[in-house]
Each structure stands twice: as C-alpha cells, then as structure tokens.
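The structure appears below as structure tokens.
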Amino acid sequence: MAEALLETRDLCKSFGGLVVTDAVSLVVAPGEIHAIIGPNGAGKTTLIAELAGELRPDSGSIHFAGADITRLAMARRAALGIARSFQITSIFREFSVLDNVAMAVQAHAGHSFRFWRSARRDARLRDPARQVLAKVGLAERAESRAVALSHGEKRALEIAMVLATRPRLLLLDEPMAGMGPQDAAGMVRLLAELKRQVTMVLVEHDMDAVFALADRITVMVYGRIIASGTPDAIRGDAEVRRAYLGEAAA
Amino acid sequence: MQDEVAFGGGLLNLLPRPMGAAMTAVLEQLLNGAQFGVMLFLMAAGLTLIFGIMNLINLAHGSLYMAGAYVAAATFAASGSFLLALLAALAAAVALGAAIEIVVFRTLYDREHLDQVLATFGLILFFNELVRMIWGATALYMQVPAFLAGHVELLSGSPYPTYRLAVIGAGLAVALLLHLLIARTRIGMLIRAGASNRAMVDALGVNVTLLYTLVFALGAALAAFAGAMAGPIFTVESGMGESVLILAFVVIVIGGIGSLRGAFVAALLVGIVDAMGRAFLRPLLASFMSHATADNAGPALASMLIYILMAAILLIRPQGLFPPRGR
Amino acid sequence: MSVARRSLVIGVSLAALAVAPAIALAAGEPFYVTLLTRIMIFAIAALSLDLILGYGGLVSFGHAAYLGIGAYAVGILAFHGITSGPLQFAVAILASAAAAAMIGAVSLRTSGVYFIMITLAFAQMLYFLAESLNIYGGDDGLNITQPSNFGRLVDLGDPATLYYVVLAVLLVLLLLTRQLINSRFGLLVQGVKSNERRMAALGFPTFRYKLAAFILSGTICGLAGALFANLTLFCSPAIMHWTRSGEIMMMVILGGMGSLFGPVLGAALYLLLETLLSGATEHWQAILGPILVLVVLFSRSGFFGMLTGERTTRGRADG
C-alpha cells in the first residue's frame, strides 16, 4: 500500500459561529480518483480552498507527499504540484486559448524575470501548450479569445491549464457544473483518460460521473465526514442514503 | 494672578516649573490633535460609509468640505449668525452632493475604481476653479463667532481657545450621534446590511437607490459640517479640501475601510501624532543634533510622520486596525 | 487591419516629432520646441504609468512623486556643485528605483481602493517632505543654475539638442517596452491584471513580479523627472503635487490605456488642450474638468483607440 499522497488530519475551520470543516481527516492514495460528495452546504468547496492554500484552517494539518504544507501559501503549493480548477471557471478571458495554456506552462518553466524574448514565439512554452490543448480537444480553438468559448469549452480550457502545470494532484471543484449532457460526457471521458497519471480529488454533484470515475468516495455533511470507502460501499451505506433522502441522483 | 477657574491647576503648581510647562505644552498639543482628529473623522466617516455601501471612491469629497467652508464663511459674513452659516453650509453641501450624485455618480456605481477616481478628479478641478470664479482667488476670512471667542483656562497659565474646544465637543457629539444612528436605528441597520451585502438588501425589496442617496447626503453633510467648523481655524481657499481628503484616506486605510469605529480611532491617532510631531520633533532632535540640522530635519520628519505611521501599521495589518469582516 | 493603422498613426506621429523643431525654429516660434519637449517628457512619464496601469491593472495614484525625485536629484546635486550629467542621472534613476521599491513593498501588500489611497498618500508625503526642506527652497522651489553636464557629448542647454535627446529617449523606451510587453515578464504582468487569483493558483509568486514592474515604472518616471529638471532649470514641490499624478493618469486614459503609444498621444492631447484653454481664459480648469469627466464617462478606448479602431480594456467593473 503506497504512502498517501495527500492527507489531512483533524482539519477544522469555522466562520464566526458556523463550523464549516469539522475534524476532517482525509487520505488520498497516489493515482486514485477520490470523489467528495455531499449535500449543499457540506463544506466541500471550503475544503478544496483549504487544500489549495486559499483558506487557512483554524486547526489540524495537511500533508502532501509526506511534507506538512499547512502553512504554505497557494502559489507555493502550486509549485509543489497541486493544481486546482474552480467552481466558477477561472481563466484569462482577454487572452487567446493558446495564451492561457502557455501561461500555465510558463508558471512551471523557471522564473519569469525575462524581459526581452517574445514569450508568444517561445516554442518551449507554445509546444507543450498545443499538446495539452489537443488532449482536451481544443486544438482548433487555439487562436480564439477565451471569452468567445462556450461554457463547456471554457471548462475544458481550465482543465487544459491545470494539466499544463504537470501536477501531481488535481483539485477539481465541480468540473461538470453547468454542462449539458454532451459536454459532461466529454469531461468524464477526459478525466477517465487521466486516471492513474494524475491523482485527483473531485468534488461533484453529478452522481453518474462520480460513480463512473471514482476509486473511492468520501461523503461530507455539515463539514463532517460521515462515510468514506469504495463506490459500492458508499452506495450501500445507510447513513449516506439518509443524508441524501429526498435528493435525486443527478 | 489668575482668578479664573483652573482644572487641576493646584496639582501643577506642585511640580517644578519646566515640567509644568512641558505638561501644559503636551496637553495643548493633545487637544490640537484631538481637534484636528475629530475633523478628520467627520471627513473619513462620510468617505468610509460611502465606500462601504456603494463601493464608490469619491475624490470630490474634499470639494464638499470646501463648499461647506465657503458657504459658511460667506453666510456668516453676510448675516452675522453662526447658526445660519452652519445650516446654509449643510444645505449647500447636500444640494451639491445630490446634484453630483445624479449627474455623475449614477453612471459610476458600476464602473471600476479607476474610472471613479478619474471622473471625481475632473470634478475637483471644476469645483476648485468654480469657487475662484465666485469668490475670487484670495482666501476668505471667517471670524470665530462671538459666543465661542476667547479662551478657557485649562491648567493654570495655559489658556486654550474656546472655539477649538467647541469643535472637539461638536465632533464628539456628531460621532456619538452617528454611532447611534448606525447601531440603533432601522436606517442604520439597512446601511450596515447594505455594506455587507448589497444584492441581498436589494432583493429584500429595500429601495437601494434611495438608500444610496441618503448615505451620500449624510456623507456630504458631515463633510460640510467639518468644512464650516474649519472656517475660523484654517484658510478658506480653493483647493483646501484636498489635503484634508488625503489625510482622510490615510485615516480610512489605518482604520479599515467601512469601519466607523476604525475611522474614529485612526482619526484621533492621526490628529494627535501629527500635532505632537509638529510641536515636539524639532526640539527633540535639537537635543542631540545641531540646531541647524534639527531646523531642517524636524519639520521634514514631522510632515512625514503620519505616513510613516500608516506604512508601519500596514506592514503589520494590511487591512487596517478594524478590517471589514468576511470580505 | 488595425496593425497597419497602428503603424501609420505611430509613424506619422514620430515623423512629425522629428521635423517639428526645424519647422518651429524656422518660423521663429521657439516656444513650440519647449512645448513639444515638455509633451515628450510627460509622454515618458505617462508611458511608465501605462506599464503598470494599463497592463498590470495597478492604479498607482502617486506617480508624480517619481517625477519629483528625478527632478530634485538633479536640482539638489547641482545645488551642491555637482553638475556631472551622468552622475546626476544615475542618482535620479537610483533614487526613484529605491523610492518605488519602498513604496511598492508596502503598497502592493494591499489592492483595490486601499492601493489607490496608499500610493496617493505616499506621494503626498514626499510632496510635504520637499516643501519642508527649506535648505532646498521649500515651497518656493530651487533654481538650477546649469543643465546636466554631459561634456562634449550633448549640450542640454541648447533647446533643440535637449529636444532630440528627449525624443531619442522616448523612442528607445517605446522600443524597449514593446519588447517587454511581449516577454514572459510582460505576459505575467498582464495575467495578473486579468486574473490574479488564477495566476497564484498556477504557481506564480505574484508579489515579486508586481514589485518589479512597479520599480521599473517608477524608475522610468524618475528619468523623465531628470529630463524635466533640465527643461525648466527649476524644481519645486509643485512637480509632485498629487494633482500632477492625476494629470499623468488622465494622459494615459485620454490617449488609450494599455497601448504604449496611447500615452504619448494622451500627453500631447492633454498638454495641448491645457495650453489652448489657458490661453483662452484664466478659468480654463472649469472647462477642462468637465471635459475629463465626460471622457471618463463616455469614452472607451481613448484617442489612440479611436484612430486605430481598436477597443481597449477599460470600462465595467468585474463581478
């Protein structure tokens, strides 16, 4: 059994009187797709923000590849190989699609105190970017301005950007959000292809996607983990069914 | 020799002379600082409320202060009634504020801060020239009203201008009223709610446009009140609003945007530090430097003191002393 | 399409600038040489601001401070008998860089309105500092007895020579900044303006790059200040007055933010407008003010955008 890639120990966070992360202890094995599901308000996005380094937990610790990263800033964690996609697509709207991905490549291509050479003509940035765009199916849209893309294409672009950083861990916050059935199926296909190459923590509401992709599922309610295990185990868990009573599977 | 009532005068007489004089000087500067501080608070309060609710940065706030000063000075000179002058100043500022709001700000609410800064900058140029056109380029003189003239004996042998004490008193009274308004009334609750979640207040059916106008009028009135009171103390001239405005910005940054309490604490802090610095830095430096150097370094350092204070506070708490919550 | 138009506008403008002194002197109107030199110096200042404002989204409302530092570097050294041009300019550049580093280090820890107010406050601080230094003239300013001495290289005392030196500096800066904008550093700065959160999530340590851009911007502005001191042979706190910062910003907007050449046109437009209006009436600010308000409220892409048919990035607030 390989050592966990990502581990949290008793992670806690409150906003005023509201407890949003309640002693969350999570273990993510390398190469697995670990889905986090739960009703709205369960604190899933907050957890992602804490894992990414955008929010500082009140107590508890986060460990990545054995190292304690609880105090590390977001950019430092990204440099270590933790990449994140946001619930609301976060890209560079005014730039071209290729520029967007090239920027992601640039983030991990050494320092950027380079003032002279044109970055748009730098093959070391543009070539890897084109490759990733091909992988997500956006090769033809390379020169379009990002803002002109459809919603599904924008989500795919964001995935391309995070992939371009060659991450060890992907934090995906509802990648399927707002997608029609065709786009969603495409996204599932893409993520399935990435299985084993990248470890993923996937927050999702789309149950078809979750059960198709996940190796393990953790269920959160009101900031606390109520169940964690294989998809079959979760499907059969009485507490989980109770938590979802009245909620139709997507 | 002095027959007037002195506070604590007896105590002072027990101390050796130089110490007593030093304490008097310190007290005087503390009061000067407090007086300047409350005026800064009046400016900062309006600005921080307007920014907190409407997310609008308004450089022309200094022009409202200037309008208050000019109208008060002109009315006082014409009528001899300080009360009338104050009322006229308030009325003028509210009217002017409403005009600006309708003509310029309605378009600016949705715009990015850069646009707001530039547009209100244009307004400043216009208003500064307008007062020159109406009242000429030379400064207006405003007398201290008769009923507030004279001095009060604070400690024996140290008279302090009654008017300045009145300004401190008035400023504190307004601060208290403002606090009560925001914390205890329904309007105040709407203002606080609006500051924290504008869209929600709108969705709840509150007339947000009216709320905005009210808040803006309140801010304008506060600025005009400060301007009117400033008349007898500072020079009433074109461009007088801007130096106060920038200090008000410093106050807001130190205190935390959107926080009235922060503005109050920061304003007094800034006022007192400034007064003390101007009075005591040069003699302090002269005690271990040559007088010539101290004569240059003293005022130079004193003029920079507040900004150094601001920088120091920002290094520790970039969001100010009382940062907005949940933003 | 617009690339050709851009080149045309820029080409014509630069050509006009190249021949202007000859024409002005031949027509017996040396005033225009001085005016155009002034315009070019402010074009350099506006260009420096556009780097961080138009491309980086950093609304620095205190840029006049660097103009002042550059000017005072020349003035103060001259006052103490140091007239060597290279030395004066070196000090001007280093002092501006140092000031920008210190101001940036504090200001860039904040953003949004805080940032605007803080940069404004620091500029005001330097203004008061200059005012209080009586030894250097205080409020009245300091006369500079002779221009920076560059020996036999150039004589900055000759108006036409100074003009061409400033023009050369402007040209070099235009070329250098154009390279900069398309470099990795330049794209990063633009990325920060577009979506700083995403930049950090990708792994960029954005603070150090913002600071570097800020320092670069302040340094170029300081250079403009040193040139300004040579033009007017005078330096006073008025150069650093905060309204001056507002004017520089207006030049960037008028000309077209985020375009590098826009600020050049903007400086020309603003100063020509000011010259024209102040000649017409002593109350010219009452006209200029509303014009500025209208431009901000209704214009989108500035004068350069208008000429080239391009759109720029100003306008609605996001989210």
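Going through the structure tokens in order, the chains are called A, B, and so on, while each chain numbers its residues from 1 and the ligands are numbered from 1 in the order shown.
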Query - Non-local contacts of segment 163-170 of chain B (7 Å; only C-alpha atoms; under 3 positions in same chain excluded) as JSON, numbers by chain - result: {"B": [34, 35, 38, 148, 149, 173, 174, 229]}
Query raised in the report: Counting only C-alpha atoms, what is within 8 Å of Ser59 of chain A, bar same-chain residues fewer than 6 positions away, as a PyMOL selection string?
Result: chain A and resi 10-13
Report task. Identify, on the basis of only C-alpha atoms, every residue whose closest approach to Leu77 of chain C does not exceed 10 Å; exclude the query and any residue fewer than 3 positions from it along the same chain; express the result as a PyMOL selection string. Result -> chain C and resi 72-74+80-84+87-88+91-92+144+148
Would you mind exporting the chosen residues as a PDB file, in the first residue's frame, restricted to N, CA and C atoms?
```
ATOM      1  N   TYR C  72      14.441  66.568  -8.451  1.00  0.00           N
ATOM      2  CA  TYR C  72      15.178  67.040  -7.285  1.00  0.00           C
ATOM      3  C   TYR C  72      16.577  66.438  -7.212  1.00  0.00           C
ATOM      4  N   ALA C  73      16.733  65.232  -7.726  1.00  0.00           N
ATOM      5  CA  ALA C  73      18.082  64.637  -7.738  1.00  0.00           C
ATOM      6  C   ALA C  73      19.023  65.564  -8.514  1.00  0.00           C
ATOM      7  N   VAL C  74      18.564  65.983  -9.679  1.00  0.00           N
ATOM      8  CA  VAL C  74      19.373  66.903 -10.479  1.00  0.00           C
ATOM      9  C   VAL C  74      19.539  68.230  -9.748  1.00  0.00           C
ATOM     10  N   HIS C  80      24.616  71.569  -4.781  1.00  0.00           N
ATOM     11  CA  HIS C  80      25.865  71.303  -4.073  1.00  0.00           C
ATOM     12  C   HIS C  80      27.066  71.303  -4.980  1.00  0.00           C
ATOM     13  N   GLY C  81      26.873  71.819  -6.177  1.00  0.00           N
ATOM     14  CA  GLY C  81      28.002  71.979  -7.080  1.00  0.00           C
ATOM     15  C   GLY C  81      28.346  70.754  -7.909  1.00  0.00           C
ATOM     16  N   ILE C  82      27.537  69.706  -7.817  1.00  0.00           N
ATOM     17  CA  ILE C  82      27.805  68.514  -8.621  1.00  0.00           C
ATOM     18  C   ILE C  82      26.994  68.618  -9.899  1.00  0.00           C
ATOM     19  N   THR C  83      27.642  68.915 -10.991  1.00  0.00           N
ATOM     20  CA  THR C  83      26.896  69.138 -12.226  1.00  0.00           C
ATOM     21  C   THR C  83      27.114  68.058 -13.275  1.00  0.00           C
ATOM     22  N   SER C  84      27.833  67.018 -12.923  1.00  0.00           N
ATOM     23  CA  SER C  84      28.091  65.964 -13.903  1.00  0.00           C
ATOM     24  C   SER C  84      26.792  65.286 -14.303  1.00  0.00           C
ATOM     25  N   LEU C  87      26.381  61.487 -13.498  1.00  0.00           N
ATOM     26  CA  LEU C  87      26.191  61.272 -12.070  1.00  0.00           C
ATOM     27  C   LEU C  87      24.787  61.675 -11.643  1.00  0.00           C
ATOM     28  N   GLN C  88      24.353  62.845 -12.100  1.00  0.00           N
ATOM     29  CA  GLN C  88      23.021  63.317 -11.723  1.00  0.00           C
ATOM     30  C   GLN C  88      21.938  62.341 -12.165  1.00  0.00           C
ATOM     31  N   VAL C  91      21.960  59.131 -10.135  1.00  0.00           N
ATOM     32  CA  VAL C  91      21.331  59.317  -8.836  1.00  0.00           C
ATOM     33  C   VAL C  91      19.817  59.401  -8.993  1.00  0.00           C
ATOM     34  N   ALA C  92      19.378  60.135 -10.016  1.00  0.00           N
ATOM     35  CA  ALA C  92      17.938  60.267 -10.250  1.00  0.00           C
ATOM     36  C   ALA C  92      17.300  58.893 -10.435  1.00  0.00           C
ATOM     37  N   ILE C 144      17.900  75.853 -10.815  1.00  0.00           N
ATOM     38  CA  ILE C 144      19.052  75.048 -11.220  1.00  0.00           C
ATOM     39  C   ILE C 144      19.888  75.900 -12.150  1.00  0.00           C
ATOM     40  N   SER C 148      22.389  69.599 -16.793  1.00  0.00           N
ATOM     41  CA  SER C 148      23.296  68.486 -16.540  1.00  0.00           C
ATOM     42  C   SER C 148      24.413  68.500 -17.570  1.00  0.00           C
TER      43      SER C 148
END
```
Report task. Check segment 53-301 of chain B with DSSP on the backbone and list each residue it calls strand (DSSP E), as a list in words. Result ->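 Filtering segment 53-301 of chain B down to strand (DSSP E) leaves His151, Val152, Glu153, Leu154, Leu155, Ser158, Pro159, Tyr160 and Pro161 of chain B.
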Query raised in the report: What gap, in Å, lies between atom CA of Asp99 of chain A and atom CA of Leu157 of chain A?
Result: 10.9 Å
Could you give me, as a Markdown table, a per-residue list for chain B showing, wherever an atom lies at most 6 Å from an atom of chain C, the closest pair of atoms and their distance in Å to one decimal, using only C-alpha atoms and sorting by chain then residue number from low to high?
```
| residue | atom | partner | partner_atom | distance |
| --- | --- | --- | --- | --- |
| B:Asp110 | CA | C:Ala317 | CA | 5.9 |
| B:Arg111 | CA | C:Arg316 | CA | 4.7 |
| B:Glu112 | CA | C:Ala317 | CA | 4.3 |
| B:Ala119 | CA | C:Val293 | CA | 4.6 |
| B:Gly122 | CA | C:Gly289 | CA | 4.2 |
| B:Leu123 | CA | C:Gly289 | CA | 5.8 |
| B:Leu125 | CA | C:Gly289 | CA | 5.1 |
| B:Phe126 | CA | C:Ala286 | CA | 4.3 |
| B:Glu129 | CA | C:Ala286 | CA | 5.4 |
| B:Phe249 | CA | C:Met117 | CA | 6.0 |
| B:Asn296 | CA | C:Leu133 | CA | 6.0 |
| B:Pro299 | CA | C:Ser132 | CA | 6.0 |
| B:Ala300 | CA | C:Ser132 | CA | 5.1 |
| B:Ser303 | CA | C:Phe128 | CA | 5.9 |
| B:Met304 | CA | C:Met125 | CA | 5.4 |
```
Give me, as CSV, each residue of segment 111-217 of chain A that comes within 12 Å of segment 210-228 of chain C, together with its shortest interatomic pair and the distance in Å at one decimal, counting only C-alpha atoms, with rows ordered by chain and rising residue number.
```
residue,atom,partner,partner_atom,distance
A:Ser112,CA,C:Ala212,CA,11.0
A:Phe113,CA,C:Ala212,CA,8.9
A:Arg114,CA,C:Ala212,CA,11.6
A:Phe115,CA,C:Ala213,CA,10.7
```
Residues of chain A within 8 Å of chain C: nearest atom pair and distance (Å, one decimal) for each, counting only C-alpha atoms, sorted by chain and number, as CSV?
```
residue,atom,partner,partner_atom,distance
A:Ala52,CA,C:Ala201,CA,7.9
A:Met74,CA,C:Ala201,CA,6.2
A:Ala75,CA,C:Gly203,CA,4.1
A:Arg76,CA,C:Gly203,CA,6.3
A:Arg77,CA,C:Gly203,CA,7.3
A:Ala78,CA,C:Gly203,CA,4.5
A:Ala79,CA,C:Gly203,CA,5.0
A:Ala83,CA,C:Leu202,CA,6.8
A:Arg84,CA,C:Ala201,CA,6.7
A:Ser90,CA,C:Arg198,CA,6.1
A:Ile91,CA,C:Arg198,CA,6.6
A:Phe92,CA,C:Ser194,CA,5.7
A:Arg93,CA,C:Ser194,CA,7.2
A:Glu94,CA,C:Ser194,CA,7.2
A:Met103,CA,C:Leu188,CA,7.6
A:Ala104,CA,C:Leu202,CA,6.1
A:Gln106,CA,C:Arg184,CA,7.7
A:Ala107,CA,C:Phe204,CA,5.7
A:His108,CA,C:Gly203,CA,7.3
A:Ser112,CA,C:Phe185,CA,5.3
A:Phe113,CA,C:Phe185,CA,5.6
A:Arg114,CA,C:Phe185,CA,5.6
A:Phe115,CA,C:Leu180,CA,5.1
A:Trp116,CA,C:Ser183,CA,5.5
A:Arg117,CA,C:Ser183,CA,5.4
A:Ser118,CA,C:Ser183,CA,4.5
A:Ala119,CA,C:Ser183,CA,4.9
A:Arg120,CA,C:Asn182,CA,6.9
A:Val162,CA,C:Leu202,CA,7.3
A:Thr165,CA,C:Leu202,CA,7.2
```
Those residues with C-alpha atoms, as a short mmCIF file (atom, residue, chain, number, x, y, z; two decimals), in the first residue's frame please?
```cif
data_model
loop_
_atom_site.label_atom_id
_atom_site.label_comp_id
_atom_site.auth_asym_id
_atom_site.auth_seq_id
_atom_site.Cartn_x
_atom_site.Cartn_y
_atom_site.Cartn_z
CA ALA A 52 -5.25 24.59 -2.20
CA MET A 74 -1.25 28.90 -2.53
CA ALA A 75 1.44 29.68 -5.07
CA ARG A 76 3.97 27.56 -3.20
CA ARG A 77 1.60 24.59 -3.15
CA ALA A 78 1.00 25.02 -6.86
CA ALA A 79 4.74 24.97 -7.40
CA ALA A 83 -3.33 22.29 -9.23
CA ARG A 84 -6.88 23.48 -8.90
CA SER A 90 -11.18 30.95 -13.68
CA ILE A 91 -9.23 31.69 -16.85
CA PHE A 92 -7.73 34.69 -18.64
CA ARG A 93 -10.68 35.93 -20.64
CA GLU A 94 -8.88 38.51 -22.76
CA MET A 103 0.80 30.88 -19.22
CA ALA A 104 0.25 27.72 -17.23
CA GLN A 106 5.28 29.33 -18.03
CA ALA A 107 4.37 29.04 -14.36
CA HIS A 108 6.45 25.91 -14.10
CA SER A 112 9.74 34.90 -15.35
CA PHE A 113 12.25 37.70 -14.99
CA ARG A 114 12.80 37.52 -18.72
CA PHE A 115 12.27 40.92 -20.29
CA TRP A 116 13.32 40.63 -23.86
CA ARG A 117 12.46 37.49 -25.80
CA SER A 118 8.93 37.23 -27.06
CA ALA A 119 7.09 34.65 -25.00
CA ARG A 120 4.50 34.17 -27.70
CA VAL A 162 -4.15 22.80 -14.84
CA THR A 165 1.32 22.58 -14.99
#
```
Requested in this report: Using backbone DSSP assignments, extract all helix (DSSP H, G or I) residues from segment 2-250 of chain A; output them as a PyMOL selection string.
Outcome: chain A and resi 44-52+74-80+97-107+119-121+123-136+139-141+146-148+151-164+181-194+207-213+231-236+238-243
With C-alpha atoms retained, export the selected residues as an mmCIF file, in the first residue's frame.
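part24.cif written:
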```
data_model
loop_
_atom_site.group_PDB
_atom_site.id
_atom_site.type_symbol
_atom_site.label_atom_id
_atom_site.label_comp_id
_atom_site.auth_asym_id
_atom_site.auth_seq_id
_atom_site.Cartn_x
_atom_site.Cartn_y
_atom_site.Cartn_z
ATOM 1 C CA LYS A 44 -16.798 20.751 0.125
ATOM 2 C CA THR A 45 -15.624 23.885 -1.647
ATOM 3 C CA THR A 46 -14.243 25.231 1.613
ATOM 4 C CA LEU A 47 -12.250 22.048 1.979
ATOM 5 C CA ILE A 48 -10.860 22.448 -1.520
ATOM 6 C CA ALA A 49 -9.895 26.022 -0.696
ATOM 7 C CA GLU A 50 -8.079 24.811 2.397
ATOM 8 C CA LEU A 51 -6.282 22.095 0.466
ATOM 9 C CA ALA A 52 -5.253 24.588 -2.201
ATOM 10 C CA MET A 74 -1.250 28.896 -2.532
ATOM 11 C CA ALA A 75 1.439 29.684 -5.072
ATOM 12 C CA ARG A 76 3.973 27.563 -3.196
ATOM 13 C CA ARG A 77 1.604 24.593 -3.152
ATOM 14 C CA ALA A 78 1.004 25.018 -6.862
ATOM 15 C CA ALA A 79 4.742 24.968 -7.397
ATOM 16 C CA LEU A 80 4.869 21.658 -5.487
ATOM 17 C CA VAL A 97 -6.841 29.961 -25.686
ATOM 18 C CA LEU A 98 -3.242 29.130 -26.504
ATOM 19 C CA ASP A 99 -2.004 32.063 -24.414
ATOM 20 C CA ASN A 100 -3.977 30.746 -21.468
ATOM 21 C CA VAL A 101 -2.350 27.339 -21.544
ATOM 22 C CA ALA A 102 1.077 28.750 -22.361
ATOM 23 C CA MET A 103 0.802 30.885 -19.221
ATOM 24 C CA ALA A 104 0.248 27.721 -17.234
ATOM 25 C CA VAL A 105 3.321 26.176 -18.822
ATOM 26 C CA GLN A 106 5.276 29.330 -18.026
ATOM 27 C CA ALA A 107 4.367 29.040 -14.355
ATOM 28 C CA ALA A 119 7.093 34.649 -24.999
ATOM 29 C CA ARG A 120 4.499 34.166 -27.698
ATOM 30 C CA ARG A 121 7.154 32.831 -30.030
ATOM 31 C CA ALA A 123 8.500 27.048 -28.538
ATOM 32 C CA ARG A 124 9.302 25.851 -25.046
ATOM 33 C CA LEU A 125 6.046 27.409 -23.939
ATOM 34 C CA ARG A 126 3.875 27.090 -27.035
ATOM 35 C CA ASP A 127 4.597 23.461 -27.977
ATOM 36 C CA PRO A 128 3.644 21.841 -24.664
ATOM 37 C CA ALA A 129 0.604 24.117 -24.621
ATOM 38 C CA ARG A 130 -0.551 22.876 -28.025
ATOM 39 C CA GLN A 131 -0.098 19.291 -26.925
ATOM 40 C CA VAL A 132 -2.307 19.765 -23.904
ATOM 41 C CA LEU A 133 -4.911 21.584 -25.978
ATOM 42 C CA ALA A 134 -5.019 18.618 -28.337
ATOM 43 C CA LYS A 135 -5.522 16.312 -25.386
ATOM 44 C CA VAL A 136 -8.629 18.179 -24.224
ATOM 45 C CA ALA A 139 -6.672 22.307 -30.695
ATOM 46 C CA GLU A 140 -8.779 24.100 -33.317
ATOM 47 C CA ARG A 141 -9.706 26.858 -30.919
ATOM 48 C CA ALA A 146 -11.013 32.673 -24.337
ATOM 49 C CA VAL A 147 -14.078 34.794 -23.730
ATOM 50 C CA ALA A 148 -15.559 33.590 -27.041
ATOM 51 C CA HIS A 151 -19.232 27.244 -21.273
ATOM 52 C CA GLY A 152 -18.169 23.642 -21.806
ATOM 53 C CA GLU A 153 -15.152 24.724 -23.826
ATOM 54 C CA LYS A 154 -14.117 27.158 -21.113
ATOM 55 C CA ARG A 155 -14.265 24.377 -18.524
ATOM 56 C CA ALA A 156 -12.137 22.220 -20.815
ATOM 57 C CA LEU A 157 -9.700 25.100 -21.212
ATOM 58 C CA GLU A 158 -9.333 25.371 -17.470
ATOM 59 C CA ILE A 159 -8.602 21.640 -17.291
ATOM 60 C CA ALA A 160 -6.016 22.111 -20.015
ATOM 61 C CA MET A 161 -4.393 24.861 -17.979
ATOM 62 C CA VAL A 162 -4.148 22.798 -14.845
ATOM 63 C CA LEU A 163 -2.835 19.829 -16.814
ATOM 64 C CA ALA A 164 -0.191 22.012 -18.398
ATOM 65 C CA PRO A 181 -25.061 16.025 -21.198
ATOM 66 C CA GLN A 182 -22.735 16.003 -24.208
ATOM 67 C CA ASP A 183 -20.120 18.255 -22.664
ATOM 68 C CA ALA A 184 -20.356 16.406 -19.370
ATOM 69 C CA ALA A 185 -19.776 13.068 -21.080
ATOM 70 C CA GLY A 186 -16.742 14.554 -22.806
ATOM 71 C CA MET A 187 -15.359 15.748 -19.498
ATOM 72 C CA VAL A 188 -15.875 12.337 -17.910
ATOM 73 C CA ARG A 189 -14.051 10.728 -20.838
ATOM 74 C CA LEU A 190 -11.169 13.161 -20.412
ATOM 75 C CA LEU A 191 -10.854 12.577 -16.697
ATOM 76 C CA ALA A 192 -11.081 8.839 -17.188
ATOM 77 C CA GLU A 193 -8.156 9.015 -19.600
ATOM 78 C CA LEU A 194 -6.128 10.787 -16.936
ATOM 79 C CA MET A 207 -23.566 11.147 -9.470
ATOM 80 C CA ASP A 208 -23.186 9.390 -12.840
ATOM 81 C CA ALA A 209 -19.784 10.992 -13.224
ATOM 82 C CA VAL A 210 -18.806 10.245 -9.650
ATOM 83 C CA PHE A 211 -19.636 6.567 -9.816
ATOM 84 C CA ALA A 212 -18.066 6.238 -13.236
ATOM 85 C CA LEU A 213 -14.774 7.772 -12.212
ATOM 86 C CA PRO A 231 -18.271 3.285 -4.520
ATOM 87 C CA ASP A 232 -20.101 0.038 -3.716
ATOM 88 C CA ALA A 233 -19.683 0.535 -0.001
ATOM 89 C CA ILE A 234 -20.979 4.071 -0.233
ATOM 90 C CA ARG A 235 -23.937 3.005 -2.364
ATOM 91 C CA GLY A 236 -24.940 0.557 0.332
ATOM 92 C CA ALA A 238 -27.488 3.575 5.289
ATOM 93 C CA GLU A 239 -26.274 6.872 6.705
ATOM 94 C CA VAL A 240 -25.393 8.115 3.266
ATOM 95 C CA ARG A 241 -28.839 7.239 1.972
ATOM 96 C CA ARG A 242 -30.344 9.081 4.912
ATOM 97 C CA ALA A 243 -28.251 12.161 4.173
#
```
Query raised in the report: atom CA of Glu32 of chain A and atom CA of Gln197 of chain A are how many Å apart?
Result: 9.0 Å
